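Please read the structure below before turning to the comments.
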Amino acid sequence: MKNWEDLTFIQKAVIGICIAAIAAFAPEIALLLQFGGIEVAFAFLLVAFQPLSAWLQRFYVQFKNIINLALISIRHSNSAKPSVFALQASFCCLALALTGSGIFAFSFFMPGMLLNGVMT
């Protein structure tokens with residue numbers, strides 16, 4: 001770990017801005033700065049915001065799993081097959097051309113396209 005004197009100006013500025021921004025939510029930072037110095041205050045910030053960091057990591061892993069599941073589902077669905085997709089897309093485009101309403105066309109033909117694997 002580097003000492004405060006060994007840090008560059010940009011590193012000192014980033015740490016100072018972080019501490020100033022967090023001081024509104026954790027006023028005990030001022031006391032830690034007074035008695036322990038910048039190193040103690042920054043270490044306290046890292047410990048204090050560890051639950052937030054753990055929650056963000058869990059959220060990221062969960063979001064990544066959801067995206068992977070969606071990609072696998074789309075990849076294995078019947079609508080990903082060229083023949084099924086071409087037929088359903090052509091009916092959807094025909095309905096769009098005949099009615100002029102995108103909402104009408106998509107509300108009636110898109111569920112058939114997405115649920116085609118369930119129906120067959």
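Ordered as shown in the structure tokens, chains take letters A, B, and onward, while each chain numbers its residues from 1 and ligands are numbered from 1 in the order shown.
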
Taking only C-alpha atoms into account, produce a table as a Markdown table in which each residue of region 23-92 of chain A with an atom at most 12 Å from an atom of region 7-14 of chain A appears once, together with its shortest atom pair and the distance in Å to one decimal, ordered by chain and rising number.
```
| residue | atom | partner | partner_atom | distance |
| --- | --- | --- | --- | --- |
| A:Ile38 | CA | A:Lys12 | CA | 9.8 |
| A:Glu39 | CA | A:Lys12 | CA | 11.0 |
| A:Phe42 | CA | A:Val14 | CA | 11.2 |
```

Tell me, which residues of region 18-110 of chain A carry DSSP alpha helix (DSSP H), written as number ranges by chain? A: 18-22, 28-35, 38-48, 50-76, 82-99, 102-110

Let me see the file: selected residues, C-alpha atoms, as a PDB file, in the first residue's frame.
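As written to disk, again.pdb reads:
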```pdb
ATOM      1  CA  CYS A  18     -14.579  10.544  -3.018  1.00  0.00           C
ATOM      2  CA  ILE A  19     -14.224  11.492   0.624  1.00  0.00           C
ATOM      3  CA  ALA A  20     -15.873  14.884   0.087  1.00  0.00           C
ATOM      4  CA  ALA A  21     -18.798  13.282  -1.761  1.00  0.00           C
ATOM      5  CA  ILE A  22     -19.322  10.617   0.897  1.00  0.00           C
ATOM      6  CA  GLU A  28     -18.053  10.562  10.978  1.00  0.00           C
ATOM      7  CA  ILE A  29     -15.506  10.911   8.177  1.00  0.00           C
ATOM      8  CA  ALA A  30     -14.552  14.341   9.549  1.00  0.00           C
ATOM      9  CA  LEU A  31     -13.656  12.814  12.918  1.00  0.00           C
ATOM     10  CA  LEU A  32     -11.653  10.047  11.264  1.00  0.00           C
ATOM     11  CA  LEU A  33      -9.812  12.584   9.114  1.00  0.00           C
ATOM     12  CA  GLN A  34      -8.967  14.625  12.192  1.00  0.00           C
ATOM     13  CA  PHE A  35      -7.644  11.776  14.333  1.00  0.00           C
ATOM     14  CA  ILE A  38      -6.693  10.332   5.073  1.00  0.00           C
ATOM     15  CA  GLU A  39      -5.615   6.679   5.032  1.00  0.00           C
ATOM     16  CA  VAL A  40      -7.905   5.733   7.926  1.00  0.00           C
ATOM     17  CA  ALA A  41     -10.812   7.684   6.448  1.00  0.00           C
ATOM     18  CA  PHE A  42     -10.438   6.016   3.056  1.00  0.00           C
ATOM     19  CA  ALA A  43     -10.135   2.564   4.648  1.00  0.00           C
ATOM     20  CA  PHE A  44     -13.318   3.283   6.617  1.00  0.00           C
ATOM     21  CA  LEU A  45     -15.095   4.213   3.403  1.00  0.00           C
ATOM     22  CA  LEU A  46     -14.074   0.950   1.791  1.00  0.00           C
ATOM     23  CA  VAL A  47     -15.338  -1.028   4.788  1.00  0.00           C
ATOM     24  CA  ALA A  48     -18.527   1.020   5.118  1.00  0.00           C
ATOM     25  CA  GLN A  50     -18.622  -3.149   1.298  1.00  0.00           C
ATOM     26  CA  PRO A  51     -22.312  -4.238   1.546  1.00  0.00           C
ATOM     27  CA  LEU A  52     -23.136  -1.993  -1.406  1.00  0.00           C
ATOM     28  CA  SER A  53     -20.274  -3.505  -3.358  1.00  0.00           C
ATOM     29  CA  ALA A  54     -21.453  -7.040  -2.532  1.00  0.00           C
ATOM     30  CA  TRP A  55     -25.007  -6.157  -3.613  1.00  0.00           C
ATOM     31  CA  LEU A  56     -23.741  -4.699  -6.895  1.00  0.00           C
ATOM     32  CA  GLN A  57     -21.701  -7.837  -7.555  1.00  0.00           C
ATOM     33  CA  ARG A  58     -24.716 -10.078  -6.889  1.00  0.00           C
ATOM     34  CA  PHE A  59     -26.882  -7.885  -9.117  1.00  0.00           C
ATOM     35  CA  TYR A  60     -24.297  -8.064 -11.911  1.00  0.00           C
ATOM     36  CA  VAL A  61     -24.061 -11.875 -11.712  1.00  0.00           C
ATOM     37  CA  GLN A  62     -27.856 -12.212 -11.625  1.00  0.00           C
ATOM     38  CA  PHE A  63     -28.265  -9.824 -14.576  1.00  0.00           C
ATOM     39  CA  LYS A  64     -25.609 -11.722 -16.535  1.00  0.00           C
ATOM     40  CA  ASN A  65     -27.404 -15.019 -15.848  1.00  0.00           C
ATOM     41  CA  ILE A  66     -30.722 -13.560 -17.007  1.00  0.00           C
ATOM     42  CA  ILE A  67     -29.164 -12.274 -20.233  1.00  0.00           C
ATOM     43  CA  ASN A  68     -27.503 -15.645 -20.871  1.00  0.00           C
ATOM     44  CA  LEU A  69     -30.806 -17.455 -20.283  1.00  0.00           C
ATOM     45  CA  ALA A  70     -32.589 -15.100 -22.686  1.00  0.00           C
ATOM     46  CA  LEU A  71     -29.931 -15.626 -25.350  1.00  0.00           C
ATOM     47  CA  ILE A  72     -30.092 -19.402 -25.003  1.00  0.00           C
ATOM     48  CA  SER A  73     -33.904 -19.314 -25.167  1.00  0.00           C
ATOM     49  CA  ILE A  74     -33.866 -17.183 -28.299  1.00  0.00           C
ATOM     50  CA  ARG A  75     -31.177 -19.315 -29.901  1.00  0.00           C
ATOM     51  CA  HIS A  76     -33.143 -22.542 -29.331  1.00  0.00           C
ATOM     52  CA  PRO A  82     -35.154 -19.471 -41.000  1.00  0.00           C
ATOM     53  CA  SER A  83     -38.278 -21.131 -42.379  1.00  0.00           C
ATOM     54  CA  VAL A  84     -40.472 -20.351 -39.356  1.00  0.00           C
ATOM     55  CA  PHE A  85     -39.107 -16.847 -39.026  1.00  0.00           C
ATOM     56  CA  ALA A  86     -39.600 -16.053 -42.724  1.00  0.00           C
ATOM     57  CA  LEU A  87     -43.221 -17.235 -42.666  1.00  0.00           C
ATOM     58  CA  GLN A  88     -44.149 -15.407 -39.471  1.00  0.00           C
ATOM     59  CA  ALA A  89     -42.293 -12.239 -40.487  1.00  0.00           C
ATOM     60  CA  SER A  90     -43.977 -12.201 -43.882  1.00  0.00           C
ATOM     61  CA  PHE A  91     -47.436 -12.495 -42.267  1.00  0.00           C
ATOM     62  CA  CYS A  92     -46.515  -9.718 -39.837  1.00  0.00           C
ATOM     63  CA  CYS A  93     -45.329  -7.467 -42.686  1.00  0.00           C
ATOM     64  CA  LEU A  94     -48.469  -8.274 -44.694  1.00  0.00           C
ATOM     65  CA  ALA A  95     -50.680  -7.335 -41.749  1.00  0.00           C
ATOM     66  CA  LEU A  96     -48.679  -4.154 -41.299  1.00  0.00           C
ATOM     67  CA  ALA A  97     -49.071  -3.279 -44.984  1.00  0.00           C
ATOM     68  CA  LEU A  98     -52.815  -4.052 -45.077  1.00  0.00           C
ATOM     69  CA  THR A  99     -53.821  -2.379 -41.811  1.00  0.00           C
ATOM     70  CA  GLY A 102     -47.843  -1.581 -36.341  1.00  0.00           C
ATOM     71  CA  ILE A 103     -49.464  -2.236 -32.987  1.00  0.00           C
ATOM     72  CA  PHE A 104     -52.198  -4.332 -34.616  1.00  0.00           C
ATOM     73  CA  ALA A 105     -49.729  -6.332 -36.675  1.00  0.00           C
ATOM     74  CA  PHE A 106     -47.314  -6.973 -33.831  1.00  0.00           C
ATOM     75  CA  SER A 107     -49.987  -7.727 -31.235  1.00  0.00           C
ATOM     76  CA  PHE A 108     -51.516 -10.510 -33.340  1.00  0.00           C
ATOM     77  CA  PHE A 109     -48.533 -12.022 -35.122  1.00  0.00           C
ATOM     78  CA  MET A 110     -45.620 -11.489 -32.743  1.00  0.00           C
TER      79      MET A 110
END
```

Which value, in Å to one decimal, gives the distance between CA of Ala23 (chain A) and CA of Gly37 (chain A)?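 Separation between CA of Ala23 (chain A) and CA of Gly37 (chain A): 14.4 Å.
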
Nearest to Phe49 (chain A) among A:Ala26, A:Gly16, A:Asn3, A:Gly100, with distances taken over only C-alpha atoms: which residue is it?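 For Phe49 (chain A), the nearest of the given residues is A:Ala26.
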